[in-house]
$ cat coords.csv   # CSV, C-alpha atoms
chain,number,residue,atom,x,y,z
A,1,MET,CA,-23.6,-5.2,41.9
A,2,LYS,CA,-23.2,-8.2,44.2
A,3,LYS,CA,-21.6,-10.2,41.4
A,4,LEU,CA,-19.2,-7.3,40.6
A,5,ALA,CA,-18.3,-7.0,44.3
A,6,LEU,CA,-17.6,-10.7,44.4
A,7,MET,CA,-15.3,-10.5,41.3
A,8,VAL,CA,-13.5,-7.5,42.9
A,9,ALA,CA,-13.1,-9.4,46.2
A,10,VAL,CA,-11.8,-12.5,44.4
A,11,GLY,CA,-9.4,-10.4,42.4
A,12,LEU,CA,-8.1,-8.6,45.5
A,13,GLY,CA,-7.6,-12.0,47.1
A,14,THR,CA,-5.6,-13.2,44.2
A,15,ILE,CA,-3.5,-10.1,44.2
A,16,ALA,CA,-3.0,-10.5,48.0
A,17,SER,CA,-1.9,-14.1,47.5
A,18,SER,CA,0.5,-13.1,44.7
A,19,THR,CA,1.9,-10.4,46.9
A,20,VAL,CA,2.5,-12.8,49.8
A,21,PHE,CA,4.1,-15.3,47.4
A,22,ALA,CA,6.3,-12.6,45.9
A,23,GLN,CA,7.5,-11.6,49.4
A,24,SER,CA,8.6,-15.2,50.1
A,25,ARG,CA,12.2,-16.2,49.9
A,26,ASP,CA,13.8,-18.6,47.5
A,27,HIS,CA,16.6,-19.4,49.9
A,28,ILE,CA,17.0,-20.6,53.6
A,29,ASP,CA,18.0,-17.9,56.0
A,30,ILE,CA,20.3,-19.1,58.9
A,31,VAL,CA,21.8,-17.1,61.8
A,32,GLY,CA,23.6,-17.8,65.1
A,33,SER,CA,26.7,-19.4,66.5
A,34,SER,CA,30.1,-18.7,65.1
A,35,THR,CA,31.1,-22.2,66.3
A,36,VAL,CA,28.4,-24.0,64.4
A,37,TYR,CA,28.9,-21.6,61.4
A,38,PRO,CA,31.6,-23.7,59.6
A,39,PHE,CA,29.5,-26.9,60.0
A,40,ALA,CA,26.4,-25.2,58.7
A,41,THR,CA,28.3,-23.7,55.8
A,42,VAL,CA,29.7,-27.0,54.5
A,43,VAL,CA,26.2,-28.6,54.8
A,44,ALA,CA,24.6,-25.7,53.0
A,45,GLU,CA,27.2,-25.9,50.1
A,46,THR,CA,26.6,-29.7,49.8
A,47,TYR,CA,22.8,-29.2,49.9
A,48,GLY,CA,23.1,-26.6,47.1
A,49,LYS,CA,25.2,-28.9,44.9
A,50,LYS,CA,22.9,-31.9,45.5
A,51,THR,CA,19.6,-30.1,45.0
A,52,GLY,CA,20.5,-27.4,42.5
A,53,LYS,CA,18.7,-24.9,44.7
A,54,LYS,CA,20.1,-21.7,46.1
A,55,THR,CA,22.7,-22.2,48.8
A,56,PRO,CA,21.3,-21.0,52.2
A,57,LYS,CA,22.4,-17.6,53.5
A,58,ILE,CA,24.2,-18.0,56.8
A,59,GLU,CA,25.2,-15.2,59.1
A,60,SER,CA,27.5,-15.6,62.2
A,61,THR,CA,25.7,-13.5,64.8
A,62,GLY,CA,26.6,-15.4,67.9
A,63,SER,CA,24.2,-17.8,69.7
A,64,GLY,CA,22.4,-15.0,71.7
A,65,GLY,CA,22.2,-12.7,68.8
A,66,GLY,CA,20.8,-15.5,66.6
A,67,MET,CA,18.1,-16.3,69.2
A,68,LYS,CA,16.9,-12.7,69.3
A,69,LEU,CA,16.5,-12.6,65.5
A,70,PHE,CA,14.9,-16.1,65.4
A,71,CYS,CA,12.5,-15.4,68.2
A,72,ALA,CA,11.4,-12.0,66.8
A,73,GLY,CA,8.4,-13.5,65.0
A,74,ASN,CA,7.2,-15.8,62.2
A,75,GLY,CA,7.4,-13.4,59.4
A,76,ILE,CA,9.3,-14.2,56.2
A,77,ASN,CA,11.7,-11.5,57.2
A,78,THR,CA,12.9,-13.6,60.2
A,79,PRO,CA,15.4,-16.4,60.1
A,80,ASP,CA,14.3,-20.0,59.4
A,81,ILE,CA,17.1,-21.6,61.5
A,82,THR,CA,19.4,-20.4,64.2
A,83,ASN,CA,22.6,-22.2,65.2
A,84,ALA,CA,23.7,-22.4,68.9
A,85,SER,CA,26.8,-23.5,70.7
A,86,ARG,CA,24.6,-24.1,73.8
A,87,ARG,CA,21.0,-25.1,74.4
A,88,ILE,CA,18.3,-22.6,74.1
A,89,LYS,CA,17.6,-20.8,77.4
A,90,LYS,CA,14.1,-20.9,79.0
A,91,SER,CA,13.9,-17.1,78.8
A,92,GLU,CA,14.7,-17.3,75.0
A,93,PHE,CA,12.1,-20.1,74.5
A,94,ASP,CA,9.5,-18.1,76.4
A,95,HIS,CA,10.4,-15.0,74.2
A,96,CYS,CA,9.8,-17.1,71.1
A,97,GLN,CA,6.4,-18.3,72.4
A,98,LYS,CA,5.4,-14.7,73.3
A,99,ASN,CA,6.2,-13.6,69.7
A,100,GLY,CA,4.2,-16.5,68.1
A,101,VAL,CA,7.1,-18.8,67.4
A,102,LYS,CA,5.3,-21.7,69.0
A,103,GLU,CA,6.8,-24.8,67.4
A,104,ILE,CA,10.6,-25.0,67.5
A,105,VAL,CA,12.5,-28.1,66.4
A,106,GLU,CA,15.7,-28.7,68.3
A,107,VAL,CA,18.5,-30.6,66.6
A,108,GLN,CA,21.6,-31.5,68.6
A,109,ILE,CA,24.4,-32.1,66.0
A,110,GLY,CA,27.3,-33.2,68.1
A,111,PHE,CA,29.9,-31.9,70.6
A,112,ASP,CA,32.6,-29.4,70.7
A,113,GLY,CA,35.4,-28.5,73.1
A,114,ILE,CA,36.4,-24.9,74.0
A,115,ALA,CA,40.0,-24.3,73.4
A,116,ILE,CA,42.2,-22.1,75.5
A,117,ALA,CA,44.9,-21.6,72.9
A,118,ASN,CA,48.1,-19.8,72.2
A,119,SER,CA,50.5,-19.4,69.3
A,120,LYS,CA,52.8,-22.3,68.5
A,121,LYS,CA,55.6,-19.8,68.8
A,122,SER,CA,55.2,-20.1,72.5
A,123,ALA,CA,55.2,-23.1,74.9
A,124,PRO,CA,51.8,-24.8,75.4
A,125,MET,CA,50.0,-23.8,78.6
A,126,ASN,CA,49.1,-26.3,81.3
A,127,ILE,CA,46.5,-24.6,83.5
A,128,SER,CA,43.5,-25.4,85.7
A,129,ARG,CA,40.0,-24.1,85.8
A,130,LYS,CA,40.9,-22.6,89.1
A,131,ASP,CA,43.7,-20.7,87.4
A,132,LEU,CA,41.4,-19.4,84.7
A,133,PHE,CA,38.9,-18.2,87.3
A,134,LEU,CA,41.5,-16.3,89.3
A,135,ALA,CA,43.0,-14.8,86.2
A,136,LEU,CA,39.8,-13.7,84.6
A,137,ALA,CA,37.1,-13.2,87.2
A,138,LYS,CA,36.0,-9.6,88.1
A,139,ASN,CA,36.2,-10.3,91.8
A,140,VAL,CA,38.3,-13.0,93.4
A,141,PRO,CA,39.2,-14.3,96.9
A,142,ALA,CA,41.6,-12.1,98.8
A,143,LYS,CA,45.3,-13.2,98.7
A,144,ASP,CA,45.4,-13.3,102.5
A,145,GLY,CA,43.2,-16.4,102.6
A,146,SER,CA,40.3,-14.6,104.2
A,147,GLU,CA,36.7,-15.3,103.0
A,148,LYS,CA,36.2,-12.0,101.3
A,149,LEU,CA,36.2,-11.0,97.6
A,150,VAL,CA,38.4,-8.2,96.2
A,151,LEU,CA,38.7,-6.6,92.8
A,152,ASN,CA,41.0,-8.9,90.7
A,153,PRO,CA,44.6,-7.8,91.5
A,154,TYR,CA,46.4,-10.4,89.3
A,155,LYS,CA,48.5,-8.9,86.5
A,156,THR,CA,50.5,-12.0,85.3
A,157,TRP,CA,49.9,-15.7,85.1
A,158,LYS,CA,52.7,-16.2,87.6
A,159,ASP,CA,50.8,-14.1,90.1
A,160,VAL,CA,47.9,-16.5,89.8
A,161,ASN,CA,50.1,-19.7,90.0
A,162,PRO,CA,53.9,-19.7,90.5
A,163,ALA,CA,54.1,-22.7,88.1
A,164,LEU,CA,52.8,-20.5,85.2
A,165,PRO,CA,54.8,-18.1,83.0
A,166,ASP,CA,55.7,-14.7,84.1
A,167,THR,CA,53.7,-13.1,81.3
A,168,LYS,CA,50.9,-10.5,81.3
A,169,ILE,CA,47.3,-11.9,81.5
A,170,GLU,CA,45.9,-11.1,78.1
A,171,VAL,CA,43.0,-13.2,76.8
A,172,LEU,CA,41.1,-12.7,73.6
A,173,GLY,CA,37.6,-14.0,73.8
A,174,PRO,CA,34.0,-13.8,72.6
A,175,PRO,CA,31.5,-11.2,73.6
A,176,PRO,CA,28.4,-11.8,75.8
A,177,THR,CA,26.2,-12.5,72.8
A,178,SER,CA,28.3,-15.7,72.1
A,179,GLY,CA,27.3,-19.2,73.1
A,180,THR,CA,31.1,-19.9,73.4
A,181,ARG,CA,31.2,-17.1,76.1
A,182,ASP,CA,28.2,-18.6,77.9
A,183,ALA,CA,29.8,-22.1,77.9
A,184,PHE,CA,33.2,-20.8,78.9
A,185,VAL,CA,31.8,-18.9,82.0
A,186,GLU,CA,29.6,-21.9,83.0
A,187,LEU,CA,32.2,-24.7,82.4
A,188,ALA,CA,35.5,-23.0,83.0
A,189,MET,CA,34.9,-20.0,85.2
A,190,GLU,CA,32.3,-21.6,87.4
A,191,GLY,CA,34.3,-24.9,87.4
A,192,GLY,CA,37.2,-22.9,88.9
A,193,CYS,CA,35.0,-20.9,91.2
A,194,LYS,CA,33.8,-24.1,92.9
A,195,HIS,CA,37.2,-24.7,94.3
A,196,PHE,CA,36.5,-22.0,96.9
A,197,ALA,CA,34.3,-23.5,99.6
A,198,PHE,CA,32.9,-20.2,100.9
A,199,ILE,CA,31.8,-19.2,97.3
A,200,LYS,CA,30.4,-22.6,96.6
A,201,ALA,CA,28.3,-22.2,99.9
A,202,ILE,CA,26.7,-19.0,98.6
A,203,LYS,CA,24.9,-21.0,95.9
A,204,LYS,CA,22.7,-22.6,98.6
A,205,THR,CA,21.5,-19.2,99.9
A,206,ASP,CA,21.7,-16.8,97.0
A,207,LYS,CA,22.0,-18.4,93.5
A,208,GLN,CA,22.0,-15.0,91.8
A,209,GLU,CA,25.0,-13.7,93.9
A,210,TYR,CA,26.8,-17.0,93.3
A,211,LYS,CA,26.3,-16.7,89.5
A,212,ALA,CA,27.4,-13.1,89.5
A,213,ILE,CA,30.7,-14.0,91.3
A,214,CYS,CA,31.5,-17.0,89.2
A,215,HIS,CA,30.4,-15.7,85.8
A,216,SER,CA,31.5,-12.0,85.8
A,217,ILE,CA,34.6,-11.4,83.8
A,218,ARG,CA,37.1,-8.6,84.7
A,219,GLU,CA,36.8,-5.4,82.7
A,220,ASP,CA,40.3,-3.9,83.1
A,221,GLY,CA,41.7,-4.9,79.8
A,222,SER,CA,43.0,-8.4,80.7
A,223,TYR,CA,40.1,-9.9,78.9
A,224,ILE,CA,39.6,-8.5,75.4
A,225,GLU,CA,36.3,-9.0,73.6
A,226,ALA,CA,37.3,-10.0,70.0
A,227,GLY,CA,33.9,-10.2,68.4
A,228,GLU,CA,32.2,-13.2,66.8
A,229,ASN,CA,35.0,-13.8,64.3
A,230,ASP,CA,37.1,-16.7,65.6
A,231,ASN,CA,39.5,-16.5,62.7
A,232,LEU,CA,40.3,-13.0,63.8
A,233,ILE,CA,41.4,-14.3,67.2
A,234,VAL,CA,43.7,-16.9,65.6
A,235,GLU,CA,45.3,-14.0,63.5
A,236,LYS,CA,45.8,-11.9,66.7
A,237,LEU,CA,47.4,-14.9,68.5
A,238,GLU,CA,49.9,-15.2,65.7
A,239,LYS,CA,50.8,-11.6,66.1
A,240,ASN,CA,51.0,-11.8,69.9
A,241,PRO,CA,52.4,-15.1,71.0
A,242,LYS,CA,52.1,-14.2,74.7
A,243,ALA,CA,48.3,-13.9,74.5
A,244,LEU,CA,45.7,-16.6,74.9
A,245,GLY,CA,42.5,-17.0,72.9
A,246,ILE,CA,39.1,-18.7,73.5
A,247,PHE,CA,37.3,-20.5,70.7
A,248,GLY,CA,35.8,-23.8,69.6
A,249,PHE,CA,37.8,-26.9,68.9
A,250,SER,CA,36.9,-26.9,65.2
A,251,PHE,CA,38.8,-23.6,64.8
A,252,LEU,CA,41.8,-25.1,66.7
A,253,ASP,CA,41.7,-28.1,64.4
A,254,GLN,CA,41.5,-26.1,61.3
A,255,ASN,CA,44.4,-23.9,62.4
A,256,ALA,CA,46.6,-26.6,64.0
A,257,ASP,CA,49.7,-25.3,62.1
A,258,LYS,CA,49.4,-21.9,63.9
A,259,VAL,CA,47.9,-22.4,67.4
A,260,GLN,CA,47.8,-25.1,70.1
A,261,GLY,CA,45.3,-25.9,72.9
A,262,ALA,CA,46.2,-25.7,76.5
A,263,ILE,CA,46.0,-28.7,78.8
A,264,ILE,CA,43.1,-28.1,81.2
A,265,ASP,CA,43.1,-29.8,84.6
A,266,GLY,CA,45.6,-32.3,83.2
A,267,LYS,CA,43.5,-33.2,80.1
A,268,PRO,CA,44.7,-32.3,76.6
A,269,LEU,CA,42.1,-31.0,74.1
A,270,THR,CA,41.6,-33.7,71.5
A,271,PHE,CA,38.9,-35.3,69.5
A,272,GLU,CA,39.0,-38.3,71.8
A,273,SER,CA,38.9,-36.3,75.1
A,274,ILE,CA,35.8,-34.4,74.0
A,275,ALA,CA,34.1,-37.6,72.7
A,276,ASP,CA,34.7,-39.5,76.0
A,277,GLY,CA,33.8,-36.4,78.2
A,278,SER,CA,37.2,-36.3,80.0
A,279,TYR,CA,38.1,-32.8,78.6
A,280,PRO,CA,36.4,-30.5,81.2
A,281,ILE,CA,35.4,-27.6,78.9
A,282,SER,CA,33.2,-29.4,76.3
A,283,ARG,CA,29.6,-28.7,75.3
A,284,PRO,CA,26.9,-29.9,72.9
A,285,LEU,CA,26.1,-28.0,69.7
A,286,TYR,CA,22.6,-27.4,68.3
A,287,PHE,CA,20.5,-25.7,65.7
A,288,TYR,CA,16.8,-24.7,66.0
A,289,VAL,CA,14.2,-24.7,63.2
A,290,LYS,CA,11.1,-22.6,62.9
A,291,LYS,CA,8.5,-25.3,62.0
A,292,SER,CA,6.1,-22.6,60.7
A,293,HIS,CA,8.5,-21.8,57.9
A,294,VAL,CA,8.6,-25.4,56.6
A,295,GLY,CA,6.6,-25.5,53.4
A,296,LYS,CA,6.8,-21.7,53.0
A,297,VAL,CA,10.5,-21.4,52.4
A,298,PRO,CA,11.7,-24.0,49.9
A,299,GLY,CA,14.4,-26.5,50.8
A,300,ILE,CA,14.2,-26.6,54.6
A,301,VAL,CA,13.3,-30.3,54.7
A,302,ALA,CA,16.1,-31.2,52.3
A,303,TYR,CA,18.6,-29.2,54.3
A,304,LEU,CA,17.6,-31.0,57.5
A,305,LYS,CA,17.9,-34.3,55.7
A,306,GLU,CA,21.4,-33.5,54.5
A,307,PHE,CA,22.6,-32.3,57.9
A,308,THR,CA,21.3,-35.4,59.7
A,309,SER,CA,22.6,-37.8,57.1
A,310,GLU,CA,25.4,-40.3,58.1
A,311,SER,CA,27.5,-38.9,55.2
A,312,ALA,CA,27.4,-35.5,57.0
A,313,TRP,CA,27.3,-36.0,60.8
A,314,GLY,CA,28.3,-39.7,61.0
A,315,ASP,CA,31.5,-41.1,62.5
A,316,GLU,CA,33.2,-40.9,59.1
A,317,GLY,CA,31.1,-38.0,57.8
A,318,TYR,CA,32.5,-34.9,56.2
A,319,LEU,CA,31.7,-32.7,59.3
A,320,THR,CA,34.2,-34.7,61.3
A,321,ASP,CA,36.9,-33.3,58.9
A,322,LYS,CA,35.7,-29.8,60.1
A,323,GLY,CA,36.2,-30.8,63.8
A,324,LEU,CA,32.7,-31.9,64.8
A,325,ILE,CA,32.6,-34.5,67.5
A,326,PRO,CA,29.7,-36.9,66.5
A,327,LEU,CA,26.9,-38.0,68.7
A,328,SER,CA,26.7,-41.8,69.4
A,329,LYS,CA,25.0,-43.8,66.5
A,330,GLU,CA,22.0,-44.4,68.8
A,331,LYS,CA,21.6,-40.7,69.6
A,332,ARG,CA,22.1,-39.7,65.9
A,333,ASP,CA,19.3,-42.1,64.8
A,334,ALA,CA,16.9,-40.8,67.5
A,335,MET,CA,17.7,-37.2,66.6
A,336,ALA,CA,17.4,-37.8,62.8
A,337,ALA,CA,14.0,-39.4,63.4
A,338,SER,CA,12.8,-36.5,65.6
A,339,THR,CA,14.1,-34.0,63.0
A,340,LYS,CA,12.4,-35.8,60.1
A,341,ALA,CA,9.1,-35.7,62.1
A,342,LEU,CA,9.6,-32.0,63.0
A,343,THR,CA,8.9,-32.8,66.6
A,344,PRO,CA,8.5,-29.5,68.5
A,345,LEU,CA,10.7,-28.9,71.6
A,346,VAL,CA,9.0,-28.8,74.9
A,347,LEU,CA,10.7,-27.0,77.8
$ encode --input "coords.csv" --output "structure tokens"
Amino acid sequence: MKKLALMVAVGLGTIASSTVFAQSRDHIDIVGSSTVYPFATVVAETYGKKTGKKTPKIESTGSGGGMKLFCAGNGINTPDITNASRRIKKSEFDHCQKNGVKEIVEVQIGFDGIAIANSKKSAPMNISRKDLFLALAKNVPAKDGSEKLVLNPYKTWKDVNPALPDTKIEVLGPPPTSGTRDAFVELAMEGGCKHFAFIKAIKKTDKQEYKAICHSIREDGSYIEAGENDNLIVEKLEKNPKALGIFGFSFLDQNADKVQGAIIDGKPLTFESIADGSYPISRPLYFYVKKSHVGKVPGIVAYLKEFTSESAWGDEGYLTDKGLIPLSKEKRDAMAASTKALTPLVL
């Protein structure tokens, strides 16, 4: 009887192992940022051609949405990699840890600039971060110069700044789940908010109130959430030449025949101005890897090797053709070594 029980137990173990294997995936599952999406897609296609393995499945869910899916757990039904157009937040990292996603490999892939763009059918805009804050913030300083905030009264760009066009404020931008939205409010909105000394002073006494003032976008129709599809914003700008759109430099670069980037604080949006840090609305780009899935899902190591190769993310790599601004050679070498070693992130 003991022998029979042992045979049954071994048999059940074999069945269980087969079931687990059957439930594993034969492709890499990637979610996250719409800005990083085109870079990840071309790397995935190159990886597929070189290895002969299935091309990774990539979904554009936005950075925040991707983090939620990624941090949901370690199961095979959760993503292996999430793309992000800003660094993982401490709250997201803690959420991952709580759900058992203990070892996360961070890979910074390069830089991107956020374009404030309009159709080439219109004249290019020359605006400041202060203009952007006054045009798009939910609450702004009163026009009488007093140190009080009022619900945003501005209807046209000329209302904001007499030097700007007398056209309706209409901006198509990403939703709150987007890393581009996070970077825009932090770099552009807050950058303009700091021009007001009495608001800047609030940061010293109440950081939450300061953030609420600087990061809250108006909800009266002047700012229109256009989803995670940046190509859709480009299409809408073509149809409405008086509107502005917010998206990554890579999309501007790919649609240079249709749209143009605004000059921000006197700095044009170019590959060079992002690389040298002079363009004021630029940010690093990342992806994050679930180390626990390496070895369980085939191809992750090969995909990482392709992404961090000089032929991909180097100064003359194929990702620069897609609009990626490369890291320095020294930073690339260090990041490639860290990625190869699958060094977990510590926050």
$ closest_residue --input "coords.csv" --among "A:Ser91, A:Tyr286, A:Ala201, A:Gly173" --to "Asn231 of chain A" --atoms "all atoms listed in the file"
A:Gly173
$ closest_residue --input "coords.csv" --among "A:Asn229, A:Ser33, A:Gln108, A:Ile88" --to "Lys331 of chain A" --atoms "all atoms listed in the file"
A:Gln108
$ closest_residue --input "coords.csv" --among "A:Ser85, A:Thr55, A:Asn255, A:Asn118" --to "Arg283 of chain A" --atoms "all atoms listed in the file"
A:Ser85
$ residues_around --input "coords.csv" --residues "segment 93-97 of chain A" --least-positions-apart "2" --cutoff "9 Å" --atoms "all atoms listed in the file" --output "JSON, numbers by chain"
{"A": [67, 68, 70, 71, 72, 73, 88, 89, 90, 91, 99, 100, 101, 102, 103, 104, 347]}
$ closest_residue --input "coords.csv" --among "A:Ala115, A:Ala84, A:Ile224, A:Ile28" --to "Pro298 of chain A" --atoms "only C-alpha atoms"
A:Ile28
$ atom_distance --input "coords.csv" --atom1 "atom CA of Met335 of chain A" --atom2 "atom CA of His27 of chain A"
24.4 Å
$ closest_atom_pairs --input "coords.csv" --of "segment 65-143 of chain A" --to "segment 37-49 of chain A" --cutoff "12 Å" --atoms "all atoms listed in the file" --output "tab-separated table"
residue	atom	partner	partner_atom	distance
A:Gly66	CA	A:Tyr37	CA	11.4
A:Ile81	CA	A:Ala40	CA	10.4
A:Thr82	CA	A:Tyr37	CA	10.0
A:Asn83	CA	A:Tyr37	CA	7.4
A:Ala84	CA	A:Tyr37	CA	9.2
A:Ser85	CA	A:Tyr37	CA	9.7
A:Ile109	CA	A:Phe39	CA	9.4
A:Gly110	CA	A:Phe39	CA	10.5
A:Phe111	CA	A:Phe39	CA	11.7
A:Asp112	CA	A:Phe39	CA	11.4
$ write_last_selection --input "coords.csv" --atoms "C-alpha atoms" --output "CSV table (one decimal), in the coordinates of the input"
chain,number,residue,atom,x,y,z
A,66,GLY,CA,20.8,-15.5,66.6
A,81,ILE,CA,17.1,-21.6,61.5
A,82,THR,CA,19.4,-20.4,64.2
A,83,ASN,CA,22.6,-22.2,65.2
A,84,ALA,CA,23.7,-22.4,68.9
A,85,SER,CA,26.8,-23.5,70.7
A,109,ILE,CA,24.4,-32.1,66.0
A,110,GLY,CA,27.3,-33.2,68.1
A,111,PHE,CA,29.9,-31.9,70.6
A,112,ASP,CA,32.6,-29.4,70.7
